[in-house]
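Scroll down for the structure; my scribbles are underneath it.
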Amino acid sequence: MTEEVLHCMGCGVELQTENPSEIGYTPASALEKEFVICQRCFRLKHYNEIQDVSLTDDDFLKILNGIGQSRGLVVKIVDIFDFNGSWLPGLHRFVGNNDVLLVGNKVDLLPKSAKKNKLVNWMKKSAKDLGLRAADVFLISADKGQGIQELAAAIEEYRNGQDVYVVGCTNVGKSTFINRLIKEFSGEQDIITTSQYPGTTLDLIGISLDETATLYDTPGIINHHQMAHYVDKRDLKIISPKKEIKPKIYQLNEAQTLFFGGLARLDYVSGGKRALTCYVSNEINIHRTKFEKADDLYANHLGELLQPPRQEQLDEFPPLVAHEFNIKEGKTDIVFSGLGWVTVNEPGAKVVAHVPQGVGVFVRESLI
């Protein structure tokens, strides 16, 4: 008789009672409970502490690969506040012939002036440019429950009785969204471990939808070009907005610089006096200075006046790399992956954006 294999109800990993330092450890006494979770999920849920796990990107990709070989509906969650940073590159190669619903989460963080129709059209176009044709696009706030019922109805319609796979990179609110769905359908509360830390879900977690079909939460893929990987875990809550962003407007003269903590910098080189609007977490300290003083300020005050990063991180914090942009079209956003964006309101400006080596920065037509 084979021993029954138990899985953590929080992160989906196989449970074991032997080795506290390995994935899936739970004390033997916990196995008596109705909902058994591993020690890592327990500590996360009750103390908001994360333990690092030894899964590689290849492990995650193997799991995603299996999806393309199954029949089902794929629900892809992106962070609307960090669309490109939270995109799964090459997802179209993993989904096979399955339909994909594209879901923009955290819509509650955008200023009220953001128009929903414009956002949906922009998401459709951006997805297509990135190689994915979405069957439909939805905007939700998993945190606040906005748009969940409409999306749940669409999932029911599009899945045609088949399994559902929820995919996304880390920190897009995937597990929070699934917890909302479970609550919507069954009244159960918080079965999945949710966290703002990258890499919480370790294996496929299955939740029955009916007699024949299952909803699967997949592990979050870690996108290494996101800003989240360059800050201390304690500072994630500074760079990841938790409530509606209040745009900050700066009237800049030529040769002025804005620092976003010590994580990024924007030099306004030329284009006459003009207003730049910053859309970043309300917690981030924006510091304005003259261009000629910027290098010295950064060299002498990184980790103090300009933080995050913290003082103790400076040894491994990568150097900032400059990216030059000439704004030729109308209203344009300069996007710092995982941090937010700065809107230049009319063409004719030259700017230089500096981000840690490896972090994405690009321009797009203004979103708001």
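Within each chain, counting starts at residue 1; across the structure tokens, chains are named A, B, ... in the order shown, with ligands numbered 1 upward in that order.
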
Contacts of Arg133 in chain A at 8 Å (only C-alpha atoms; same-chain gap of 2+ positions) as a list of chain:residue names:
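So, after excluding close chain neighbours, the residues are A:Val100, A:Lys124, A:Ala127, A:Lys128, A:Gly131, A:Ala135.
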
Written selection (N, CA and C atoms) as a compact mmCIF listing (two decimals), in the first residue's frame:
# COMPACT_ATOMS: atom_id res chain seq x y z
N VAL A 100 -6.84 32.44 -24.44
CA VAL A 100 -6.24 33.20 -23.33
C VAL A 100 -7.12 34.40 -23.00
N LYS A 124 -4.95 45.30 -25.32
CA LYS A 124 -5.11 44.43 -26.51
C LYS A 124 -3.98 44.65 -27.50
N ALA A 127 -0.55 43.48 -26.10
CA ALA A 127 -0.46 42.02 -26.11
C ALA A 127 -0.16 41.52 -27.52
N LYS A 128 -0.88 42.10 -28.48
CA LYS A 128 -0.68 41.69 -29.89
C LYS A 128 0.75 41.99 -30.33
N GLY A 131 3.03 39.41 -29.26
CA GLY A 131 2.85 38.07 -29.84
C GLY A 131 1.66 37.28 -29.32
N ALA A 135 -8.30 36.33 -26.28
CA ALA A 135 -9.71 36.14 -26.65
C ALA A 135 -10.56 37.28 -26.07

So that I can check the secondary structure, give me every residue of range 33-278 of chain A assigned strand (DSSP E or B) by backbone DSSP, as a ChimeraX atom specification.
/A:72-79,100-105,136-139,141,146,163-167,169,205-208,214-217,221,248-252,256-260,264-270,274-278

Within 12 Å of Leu204 in chain A, counting only C-alpha atoms, which residues qualify if same-chain residues fewer than 6 places away don't, as a list in words?
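Answer for this query is His7, Cys8, Met9, Gly10, Cys11, Gly12, Val13, Glu14, Asp59, Phe60, Leu61, Lys62, Ile63, Leu64, Gly66, Ile67, Val164, Tyr165, Val166, Val167, Ser175, Ile192, Thr214, Leu215, Tyr216, Asp217, Thr218, Pro219 and Gly220 of chain A.
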
The selected residues should be written to file as a tab-separated table (two decimals), in the first residue's frame (atoms: N, CA, C and O atoms).
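And here is the file that came out, out_34.tsv:
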chain	number	residue	atom	x	y	z
A	7	HIS	N	-0.26	17.56	-0.19
A	7	HIS	CA	0.24	18.81	-0.74
A	7	HIS	C	-0.21	19.97	0.13
A	7	HIS	O	-1.29	19.95	0.71
A	8	CYS	N	0.64	20.99	0.21
A	8	CYS	CA	0.31	22.19	0.97
A	8	CYS	C	-0.86	22.91	0.32
A	8	CYS	O	-0.84	23.18	-0.89
A	9	MET	N	-1.89	23.26	1.13
A	9	MET	CA	-3.05	23.98	0.59
A	9	MET	C	-2.69	25.43	0.27
A	9	MET	O	-3.45	26.14	-0.36
A	10	GLY	N	-1.54	25.89	0.75
A	10	GLY	CA	-1.15	27.27	0.50
A	10	GLY	C	-0.39	27.44	-0.80
A	10	GLY	O	-0.72	28.30	-1.61
A	11	CYS	N	0.65	26.61	-1.02
A	11	CYS	CA	1.51	26.84	-2.18
A	11	CYS	C	1.57	25.65	-3.13
A	11	CYS	O	2.21	25.72	-4.18
A	12	GLY	N	0.93	24.53	-2.76
A	12	GLY	CA	0.85	23.41	-3.69
A	12	GLY	C	2.01	22.44	-3.64
A	12	GLY	O	2.00	21.41	-4.31
A	13	VAL	N	3.03	22.73	-2.84
A	13	VAL	CA	4.21	21.88	-2.82
A	13	VAL	C	3.93	20.59	-2.03
A	13	VAL	O	3.06	20.57	-1.15
A	14	GLU	N	4.64	19.52	-2.37
A	14	GLU	CA	4.48	18.25	-1.64
A	14	GLU	C	5.01	18.43	-0.21
A	14	GLU	O	6.08	18.99	0.02
A	59	ASP	N	12.50	25.13	-13.51
A	59	ASP	CA	11.44	24.37	-12.83
A	59	ASP	C	10.08	24.99	-13.15
A	59	ASP	O	9.11	24.29	-13.46
A	60	PHE	N	10.03	26.33	-13.06
A	60	PHE	CA	8.78	27.02	-13.35
A	60	PHE	C	8.35	26.79	-14.80
A	60	PHE	O	7.19	26.54	-15.10
A	61	LEU	N	9.31	26.89	-15.71
A	61	LEU	CA	8.99	26.78	-17.13
A	61	LEU	C	8.49	25.38	-17.48
A	61	LEU	O	7.61	25.22	-18.33
A	62	LYS	N	9.04	24.37	-16.82
A	62	LYS	CA	8.57	22.98	-17.05
A	62	LYS	C	7.08	22.87	-16.72
A	62	LYS	O	6.32	22.24	-17.44
A	63	ILE	N	6.69	23.51	-15.61
A	63	ILE	CA	5.27	23.46	-15.21
A	63	ILE	C	4.41	24.15	-16.27
A	63	ILE	O	3.37	23.63	-16.69
A	64	LEU	N	4.87	25.32	-16.73
A	64	LEU	CA	4.10	26.05	-17.75
A	64	LEU	C	4.03	25.26	-19.05
A	64	LEU	O	3.02	25.27	-19.74
A	66	GLY	N	3.72	22.18	-19.51
A	66	GLY	CA	2.66	21.17	-19.44
A	66	GLY	C	1.31	21.73	-19.83
A	66	GLY	O	0.43	21.00	-20.30
A	67	ILE	N	1.13	23.04	-19.64
A	67	ILE	CA	-0.18	23.66	-19.93
A	67	ILE	C	-0.49	23.58	-21.42
A	67	ILE	O	-1.62	23.29	-21.82
A	164	VAL	N	-9.00	25.30	-16.02
A	164	VAL	CA	-8.55	26.70	-16.13
A	164	VAL	C	-7.15	26.80	-15.51
A	164	VAL	O	-6.92	26.29	-14.41
A	165	TYR	N	-6.22	27.45	-16.23
A	165	TYR	CA	-4.87	27.66	-15.71
A	165	TYR	C	-4.65	29.16	-15.52
A	165	TYR	O	-4.77	29.92	-16.48
A	166	VAL	N	-4.34	29.56	-14.31
A	166	VAL	CA	-4.07	30.98	-14.05
A	166	VAL	C	-2.55	31.17	-14.04
A	166	VAL	O	-1.84	30.51	-13.28
A	167	VAL	N	-2.05	32.03	-14.94
A	167	VAL	CA	-0.60	32.23	-15.05
A	167	VAL	C	-0.27	33.71	-14.88
A	167	VAL	O	-1.10	34.58	-15.07
A	175	SER	N	-2.54	34.94	-6.75
A	175	SER	CA	-3.16	34.14	-5.69
A	175	SER	C	-4.30	34.90	-5.00
A	175	SER	O	-5.32	34.31	-4.64
A	192	ILE	N	-5.31	29.94	-0.57
A	192	ILE	CA	-3.97	30.02	-1.15
A	192	ILE	C	-3.14	31.04	-0.38
A	192	ILE	O	-3.65	32.06	0.06
A	214	THR	N	-10.91	21.51	-13.14
A	214	THR	CA	-10.12	22.07	-12.04
A	214	THR	C	-9.54	23.42	-12.42
A	214	THR	O	-9.19	23.64	-13.58
A	215	LEU	N	-9.46	24.31	-11.46
A	215	LEU	CA	-8.77	25.59	-11.65
A	215	LEU	C	-7.37	25.43	-11.07
A	215	LEU	O	-7.22	25.03	-9.92
A	216	TYR	N	-6.34	25.72	-11.88
A	216	TYR	CA	-4.96	25.56	-11.42
A	216	TYR	C	-4.27	26.92	-11.25
A	216	TYR	O	-4.28	27.74	-12.17
A	217	ASP	N	-3.71	27.12	-10.08
A	217	ASP	CA	-2.83	28.28	-9.86
A	217	ASP	C	-1.42	27.80	-10.16
A	217	ASP	O	-0.98	26.78	-9.65
A	218	THR	N	-0.71	28.51	-11.02
A	218	THR	CA	0.65	28.10	-11.40
A	218	THR	C	1.67	28.97	-10.67
A	218	THR	O	1.34	30.06	-10.21
A	219	PRO	N	2.91	28.50	-10.56
A	219	PRO	CA	3.93	29.31	-9.89
A	219	PRO	C	4.16	30.61	-10.65
A	219	PRO	O	4.06	30.64	-11.87
A	220	GLY	N	4.45	31.67	-9.92
A	220	GLY	CA	4.78	32.94	-10.59
A	220	GLY	C	6.17	32.85	-11.19
A	220	GLY	O	7.12	32.45	-10.52

Straight-line distance linking CA of Leu258 in chain A with CA of Trp122 in chain A, stated in Å to one decimal:
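Answer for the CA of Leu258 in chain A to CA of Trp122 in chain A separation: 27.5 Å.
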
Would you please work out which residue, of A:Arg234, A:Lys290, A:Lys45, A:Lys248, is nearest to Gln313 in chain A when using only C-alpha atoms?
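Counting only C-alpha atoms, the residue closest to Gln313 in chain A is A:Arg234.
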
Measuring between only C-alpha atoms, which one of A:Ala353, A:Leu73, A:Ala275, A:Leu130 shows the shortest distance to Ala213 in chain A?
A:Leu73

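As for CA of Thr212 in chain A and CA of Gln162 in chain A, they are spaced 7.8 Å apart.
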
Just how far from CA of His354 in chain A is CA of Glu292 in chain A, in Å to one decimal?
15.2 Å

Sel. of helix (DSSP H, G or I) residues, range 13-193 of chain A, as a PyMOL selection string
chain A and resi 28-32+39-47+57-68+80-82+91-94+107-109+116-129+148-159+174-186

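Nearest-residue note for Met227 in chain A: choosing from A:Ile148, A:Ile37, A:Ala322, A:Val355, the minimum distance belongs to A:Val355, counting only C-alpha atoms.
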
For range 335-350 of chain A, find every residue with an atom within 8 Å (counting only C-alpha atoms), except residues of its own chain fewer than 2 positions away, and show them as a count of residues only.
42

For Ala142 in chain A: contacts at 7 Å, only C-alpha atoms, fewer than 2 positions along chain excluded, given as a ChimeraX atom specification
/A:105-106,140,144-146,173,176-177,180

Leu119 in chain A surroundings by only C-alpha atoms, 9 Å radius, close-in-sequence under 2 positions cut, as JSON, numbers by chain
{"A": [80, 114, 115, 116, 117, 121, 122, 123, 124, 139, 367, 368]}

Of the residues A:Val351, A:Val5, A:Ile178, A:Val103, which is the one nearest to Val78 in chain A, using only C-alpha atoms?
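Of A:Val351, A:Val5, A:Ile178, A:Val103, the one nearest Val78 in chain A is A:Val103, counting only C-alpha atoms.
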